[in-house]
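Colleague: My file is target-v8.txt. It has compact mmCIF, C-alpha atoms:
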```txt
# COMPACT_ATOMS: atom_id res chain seq x y z
CA MET A 1 0.00 0.00 0.00
CA SER A 2 1.23 3.51 -0.82
CA VAL A 3 1.05 6.04 2.03
CA PHE A 4 0.91 9.78 1.31
CA TRP A 5 1.34 12.39 4.06
CA VAL A 6 -0.30 15.75 3.35
CA HIS A 7 0.42 18.67 5.68
CA ALA A 8 -2.78 20.72 5.73
CA SER A 9 -2.05 23.55 8.16
CA ASN A 10 -2.46 26.02 5.28
CA ALA A 11 -3.22 26.04 1.56
CA GLU A 12 0.41 26.43 0.50
CA ARG A 13 1.57 23.39 2.45
CA PHE A 14 -1.37 21.39 1.09
CA ARG A 15 -0.32 22.32 -2.45
CA GLN A 16 3.35 21.51 -1.74
CA ALA A 17 2.39 18.05 -0.48
CA PHE A 18 0.45 17.32 -3.67
CA ALA A 19 3.36 18.60 -5.77
CA HIS A 20 5.67 16.25 -3.87
CA ILE A 21 3.35 13.32 -4.60
CA ALA A 22 3.28 14.27 -8.30
CA GLN A 23 7.06 14.51 -8.46
CA SER A 24 7.87 11.40 -6.43
CA CYS A 25 5.34 9.20 -8.21
CA ARG A 26 6.00 10.72 -11.64
CA VAL A 27 2.36 11.53 -12.19
CA PRO A 28 1.73 11.89 -15.94
CA GLY A 29 1.34 15.51 -17.00
CA TYR A 30 3.21 16.98 -14.03
CA SER A 31 6.53 17.61 -15.80
CA ASP A 32 5.04 18.15 -19.26
CA ASP A 33 2.92 21.18 -18.44
CA PRO A 34 4.30 23.76 -15.94
CA LYS A 35 0.85 25.37 -15.77
CA ALA A 36 -0.93 22.13 -14.94
CA ASP A 37 -3.32 22.12 -11.98
CA ILE A 38 -1.27 19.94 -9.62
CA LEU A 39 -4.13 19.44 -7.17
CA GLN A 40 -6.56 18.19 -9.80
CA LEU A 41 -3.84 16.18 -11.52
CA VAL A 42 -2.93 14.21 -8.39
CA LYS A 43 -6.59 13.74 -7.42
CA ALA A 44 -7.46 12.25 -10.82
CA TRP A 45 -4.34 10.06 -10.81
CA LEU A 46 -5.13 8.56 -7.39
CA GLU A 47 -8.74 7.89 -8.39
CA LYS A 48 -7.81 5.83 -11.46
CA LYS A 49 -9.12 2.28 -11.25
CA ASP A 50 -5.75 0.74 -12.14
CA GLN A 51 -4.08 2.30 -9.08
CA GLY A 52 -3.10 0.04 -6.21
CA PRO A 53 -4.43 0.58 -2.66
CA TRP A 54 -3.30 3.76 -0.95
CA LEU A 55 -3.72 5.70 2.28
CA MET A 56 -3.60 9.51 2.46
CA ILE A 57 -3.05 11.15 5.84
CA ILE A 58 -4.25 14.76 5.89
CA ASP A 59 -2.52 16.19 8.94
CA ASN A 60 -3.37 19.32 10.96
CA ALA A 61 -6.57 20.07 9.04
CA ASP A 62 -7.73 22.72 11.51
CA ASP A 63 -8.90 25.53 9.23
CA THR A 64 -12.51 24.98 8.14
CA LYS A 65 -12.48 27.96 5.79
CA MET A 66 -9.51 26.57 3.88
CA PHE A 67 -11.49 23.47 2.99
CA PHE A 68 -15.06 24.72 2.78
CA SER A 69 -15.13 28.43 1.98
CA SER A 70 -17.76 29.80 -0.42
CA VAL A 71 -15.26 32.23 -2.00
CA GLN A 72 -15.48 32.16 -5.80
CA ALA A 73 -13.61 33.89 -8.59
CA THR A 74 -15.71 36.85 -9.72
CA SER A 75 -13.62 37.55 -12.79
CA PRO A 76 -12.84 34.62 -15.11
CA GLY A 77 -9.77 36.39 -16.39
CA SER A 78 -8.36 37.13 -12.99
CA GLU A 79 -5.66 34.67 -12.02
CA GLY A 80 -5.54 36.03 -8.47
CA ALA A 81 -9.28 35.58 -7.98
CA SER A 82 -9.13 32.04 -9.33
CA ARG A 83 -6.26 31.16 -7.02
CA LEU A 84 -8.14 32.59 -4.02
CA ALA A 85 -11.24 30.57 -4.87
CA GLN A 86 -9.18 27.40 -5.24
CA GLU A 87 -7.25 27.84 -2.00
CA SER A 88 -10.51 28.41 -0.12
CA ASN A 89 -12.05 25.10 -1.15
CA MET A 90 -9.37 22.45 -0.79
CA ALA A 91 -11.88 19.73 0.10
CA ARG A 92 -12.77 19.28 -3.56
CA PHE A 93 -9.25 18.02 -4.27
CA ILE A 94 -9.38 15.20 -1.75
CA PRO A 95 -9.62 12.01 -3.86
CA GLU A 96 -12.57 9.63 -3.47
CA CYS A 97 -12.45 6.02 -4.65
CA SER A 98 -12.95 2.47 -3.40
CA HIS A 99 -9.24 1.58 -3.43
CA GLY A 100 -8.10 4.60 -1.38
CA SER A 101 -8.52 5.61 2.26
CA ILE A 102 -8.30 9.01 3.93
CA LEU A 103 -7.19 9.62 7.53
CA VAL A 104 -7.67 13.18 8.81
CA THR A 105 -6.11 14.62 11.96
CA THR A 106 -7.61 17.83 13.30
CA ARG A 107 -8.09 19.84 16.48
CA ASN A 108 -11.24 21.41 15.02
CA LYS A 109 -14.31 19.21 15.42
CA GLN A 110 -16.28 21.29 12.91
CA THR A 111 -13.67 20.63 10.23
CA GLY A 112 -13.51 16.96 11.18
CA VAL A 113 -17.27 16.48 10.88
CA LYS A 114 -17.32 18.12 7.46
CA LEU A 115 -14.33 16.22 6.08
CA THR A 116 -15.64 12.85 7.32
CA ARG A 117 -19.16 13.71 6.16
CA GLY A 118 -20.70 12.93 9.50
CA ARG A 119 -18.92 9.63 10.12
CA ALA A 120 -17.93 8.77 13.66
CA MET A 121 -14.63 10.34 14.68
CA ILE A 122 -11.99 8.94 17.00
CA GLU A 123 -11.11 11.39 19.75
CA VAL A 124 -7.52 11.17 20.94
CA GLY A 125 -7.71 11.76 24.65
CA GLN A 126 -5.13 13.01 27.10
CA MET A 127 -2.30 10.62 27.91
CA ASP A 128 -2.52 8.91 31.28
CA GLN A 129 0.27 8.79 33.84
CA LYS A 130 1.61 5.45 32.61
CA GLU A 131 1.76 6.59 28.99
CA SER A 132 3.44 9.87 29.96
CA SER A 133 6.10 8.10 32.00
CA ARG A 134 6.76 5.64 29.18
CA LEU A 135 7.14 8.45 26.64
CA PHE A 136 9.54 10.34 28.90
CA GLN A 137 11.69 7.27 29.55
CA LEU A 138 11.88 6.46 25.84
CA ARG A 139 12.99 10.00 25.03
CA LEU A 140 15.70 9.96 27.68
CA GLU A 141 16.60 6.32 26.87
CA ASP A 142 16.89 5.64 30.58
CA THR A 143 14.77 3.00 32.32
CA GLU A 144 16.33 3.58 35.76
CA LEU A 145 14.89 7.03 36.42
CA ASP A 146 13.02 7.68 39.66
CA PRO A 147 9.35 6.83 38.83
CA ASP A 148 8.08 9.26 41.48
CA GLN A 149 9.99 12.16 39.92
CA ILE A 150 8.78 11.21 36.44
CA SER A 151 5.22 11.10 37.75
CA LEU A 152 5.64 14.53 39.36
CA LEU A 153 7.06 16.03 36.17
CA SER A 154 4.31 14.50 34.02
CA SER A 155 1.65 15.97 36.30
CA ARG A 156 3.41 19.35 36.31
CA LEU A 157 3.34 19.37 32.50
CA GLU A 158 -0.30 18.22 32.34
CA ASN A 159 0.71 14.97 30.56
CA LEU A 160 1.15 16.92 27.33
CA PRO A 161 3.27 14.92 24.84
CA LEU A 162 4.94 17.97 23.28
CA ALA A 163 5.81 19.42 26.70
CA LEU A 164 7.25 16.09 27.88
CA VAL A 165 9.36 15.65 24.74
CA GLN A 166 10.63 19.21 25.06
CA ALA A 167 11.46 18.61 28.75
CA ALA A 168 13.42 15.47 27.87
CA ALA A 169 15.38 17.35 25.19
CA PHE A 170 16.11 20.23 27.60
CA ILE A 171 17.29 17.84 30.31
CA GLN A 172 19.59 16.02 27.88
CA GLU A 173 21.06 19.17 26.35
CA ASN A 174 21.79 20.76 29.72
CA SER A 175 22.78 17.60 31.62
CA LEU A 176 20.11 18.23 34.25
CA THR A 177 18.37 15.92 36.66
CA ILE A 178 14.57 15.77 36.72
CA ALA A 179 14.64 17.40 40.17
CA LYS A 180 16.65 20.34 38.83
CA TYR A 181 14.27 20.76 35.89
CA LEU A 182 11.27 20.77 38.23
CA LYS A 183 13.00 23.41 40.33
CA LEU A 184 13.40 25.60 37.24
CA LEU A 185 9.71 25.28 36.44
CA ASP A 186 8.75 26.25 39.97
CA GLU A 187 10.98 29.33 40.24
CA SER A 188 8.49 31.75 38.66
CA ASP A 189 5.94 32.11 35.86
CA ASN A 190 8.53 33.95 33.76
CA LYS A 191 11.00 31.10 34.19
CA LEU A 192 8.29 28.58 33.28
CA VAL A 193 7.51 30.45 30.06
CA LYS A 194 11.22 30.75 29.25
CA VAL A 195 11.87 27.03 29.70
CA LEU A 196 8.82 26.05 27.64
CA SER A 197 9.92 28.49 24.90
CA GLU A 198 13.16 26.61 24.27
CA PRO A 199 13.18 25.06 20.77
CA PHE A 200 14.25 21.45 20.35
CA GLU A 201 14.85 18.90 17.63
CA ALA A 202 12.91 15.66 17.31
CA ILE A 203 13.18 12.97 14.65
CA GLY A 204 10.00 12.65 12.60
CA ARG A 205 8.49 15.94 13.73
CA ASP A 206 7.14 18.24 11.02
CA SER A 207 9.83 20.87 10.43
CA GLY A 208 7.19 23.40 9.39
CA VAL A 209 5.47 23.35 12.78
CA PRO A 210 6.84 25.36 15.75
CA ASN A 211 8.59 22.99 18.14
CA ALA A 212 8.56 25.04 21.34
CA VAL A 213 5.50 24.44 23.50
CA THR A 214 4.67 28.15 23.89
CA ALA A 215 5.04 28.74 20.14
CA THR A 216 2.64 25.88 19.43
CA TRP A 217 0.13 27.29 21.92
CA ILE A 218 0.36 30.72 20.27
CA VAL A 219 -0.28 29.23 16.82
CA SER A 220 -3.32 27.35 18.18
CA PHE A 221 -4.65 30.45 19.90
CA GLU A 222 -4.28 32.58 16.75
CA GLN A 223 -6.21 29.92 14.83
CA ILE A 224 -9.03 30.20 17.38
CA ARG A 225 -8.90 33.99 17.22
CA ARG A 226 -9.32 33.96 13.43
CA GLN A 227 -12.22 31.52 13.42
CA TYR A 228 -13.97 32.17 16.74
CA CYS A 229 -13.21 35.66 17.99
CA LYS A 230 -15.56 35.47 21.00
CA ALA A 231 -14.08 32.14 22.06
CA SER A 232 -10.60 33.69 22.05
CA ASP A 233 -11.87 36.54 24.22
CA LEU A 234 -13.26 34.03 26.73
CA LEU A 235 -9.97 32.13 26.75
CA SER A 236 -8.15 35.41 27.39
CA LEU A 237 -10.47 36.07 30.32
CA MET A 238 -9.98 32.57 31.69
CA SER A 239 -6.19 32.96 31.55
CA PHE A 240 -6.46 35.42 34.45
CA PHE A 241 -7.90 32.66 36.63
CA ASP A 242 -6.75 29.20 37.64
CA ARG A 243 -6.73 26.39 35.05
CA GLN A 244 -9.74 24.76 36.70
CA GLY A 245 -12.69 25.62 38.92
CA ILE A 246 -13.54 28.85 37.07
CA PRO A 247 -17.09 29.95 38.01
CA LYS A 248 -19.42 29.63 35.03
CA ALA A 249 -21.08 32.91 36.04
CA PHE A 250 -17.91 34.83 35.17
CA LEU A 251 -17.92 33.49 31.61
CA SER A 252 -21.67 33.92 31.18
CA TYR A 253 -21.46 37.52 32.37
CA SER A 254 -18.62 38.23 29.95
CA SER A 255 -20.60 36.78 27.02
CA GLU A 256 -23.69 38.77 27.95
CA GLN A 257 -21.66 41.97 28.15
CA GLU A 258 -20.22 41.39 24.68
CA LEU A 259 -23.65 40.70 23.21
CA GLY A 260 -24.98 43.84 24.83
CA GLN A 261 -22.18 45.95 23.38
CA GLU A 262 -22.79 44.53 19.90
CA GLY A 263 -26.50 45.36 20.23
CA ASN A 264 -25.65 48.97 21.05
```
Would you write the structure of this file as structure tokens?

Modeller:
Amino acid sequence: MSVFWVHASNAERFRQAFAHIAQSCRVPGYSDDPKADILQLVKAWLEKKDQGPWLMIIDNADDTKMFFSSVQATSPGSEGASRLAQESNMARFIPECSHGSILVTTRNKQTGVKLTRGRAMIEVGQMDQKESSRLFQLRLEDTELDPDQISLLSSRLENLPLALVQAAAFIQENSLTIAKYLKLLDESDNKLVKVLSEPFEAIGRDSGVPNAVTATWIVSFEQIRRQYCKASDLLSLMSFFDRQGIPKAFLSYSSEQELGQEGN
């Protein structure tokens, strides 16, 4: 089975992935016509009945508007308008056939429901303590670490895979013990942000995605801000409180205030 990985964080990366498929698989028409529509070319090629079985993984498909926007080219002769219309409706270039399968990863349930056409989705839940400890040990390649300290660090980092991998890289690079790393995290909020802002390298990780935890959070938050402005405002409000136990009345009052201001 052929496996194709398509990075879908934005339209340009989606197009680049299809161009890579066309080049690597020598899709007919790709090299002959420099003006060929690569997206349509690859789609048609994958849908051919004589193709073998394949799996396409569409990764980081978080932007609903990129796949399902109603933007259309208003001027047939305008190349810019045509390009905008195409990049706002990428879903039409996802191949459909009986010999191919599509796996979509997304943090946006709305996008996931649309791309799977209402099929049941598999929600990837938070890692448990055992999984977190196993991941951390594998990254440090050390099975003799203090399990209590690993458990404490995992809890401190909310069992987040990216945060744990970054912590392991930081500990290795600076020859620290887990206890020393925990001490750094506990020094102050500024120190916590600084440590989690450290970039790191990881084999197999998408080079086009920010690798520092804080950078990844910022990218996610900006995505929310673009698509759901009010939700980003509520998250901003919540950031002033603790990570749990926030009274619902605070959030309800904030929403009502915003609606009242819009009405005025």

Colleague: Hey, can you check how far atom CA of Arg107 of chain A sits from atom CA of Phe136 of chain A?

Modeller: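 Pair atom CA of Arg107 of chain A / atom CA of Phe136 of chain A returns 23.6 Å.
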
Colleague: What's around Ser101 of chain A at 12 Å? Count only C-alpha atoms, leave out sequence neighbours fewer than 5 positions away in its own chain, and write the answer as a PyMOL selection string.

Modeller: chain A and resi 1-4+46-47+52-58+94-96+116

Colleague: Pick the closest to Gln110 of chain A from A:Ser31, A:Asn159, A:Ser175, A:Thr64: which is it, counting all atoms listed in the file?

Modeller: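 Selected residue with least distance to Gln110 of chain A: A:Thr64.
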
Colleague: Taking all atoms listed in the file into account, name the residue in A:Leu234, A:Asp186, A:Ala19, A:Ser154 that is nearest to Glu131 of chain A.

Modeller: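 Looking only at the distances to Glu131 of chain A, the closest residue turns out to be A:Ser154.
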
Colleague: Could you give me, as a list of chain:residue names, the residues within 10 Å of Tyr181 of chain A, counting only C-alpha atoms and dropping anything in the same chain fewer than 4 positions from it?

Modeller: A:Leu153, A:Ala167, A:Ala168, A:Phe170, A:Ile171, A:Asn174, A:Leu176, A:Thr177, A:Leu185, A:Asp186, A:Val195

Colleague: Just the number, please: distance in Å from atom CA of Lys43 of chain A to atom CA of Phe18 of chain A, one decimal.

Modeller: 8.7 Å

Colleague: Smallest atom-to-atom distance to Ala11 of chain A: which of A:Lys65, A:Lys180, A:Arg117, A:Lys230, using all atoms listed in the file?

Modeller: A:Lys65

Colleague: Select, from A:Ala8, A:Val124, A:Ala249, A:Ala36, the residue with the minimum atom-to-atom distance to Thr111 of chain A, counting only C-alpha atoms.

Modeller: A:Ala8

Colleague: Which one of A:Ser151, A:Pro28, A:Ile102, A:Phe68 sits closest to Ala44 of chain A if you count only C-alpha atoms?

Modeller: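 Nearest candidate to Ala44 of chain A out of A:Ser151, A:Pro28, A:Ile102, A:Phe68: A:Pro28.
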
Colleague: Would you please work out which residue, of A:Ala61, A:Ser9, A:Glu141, A:Arg15, is nearest to Thr106 of chain A when using only C-alpha atoms?

Modeller: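 Smallest separation from Thr106 of chain A among the options: A:Ala61.
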
Colleague: What is the distance, in Å and to one decimal place, between atom CA of Lys114 of chain A and atom CA of Ala22 of chain A?

Modeller: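 Result for atom CA of Lys114 of chain A versus atom CA of Ala22 of chain A: 26.2 Å, one decimal.
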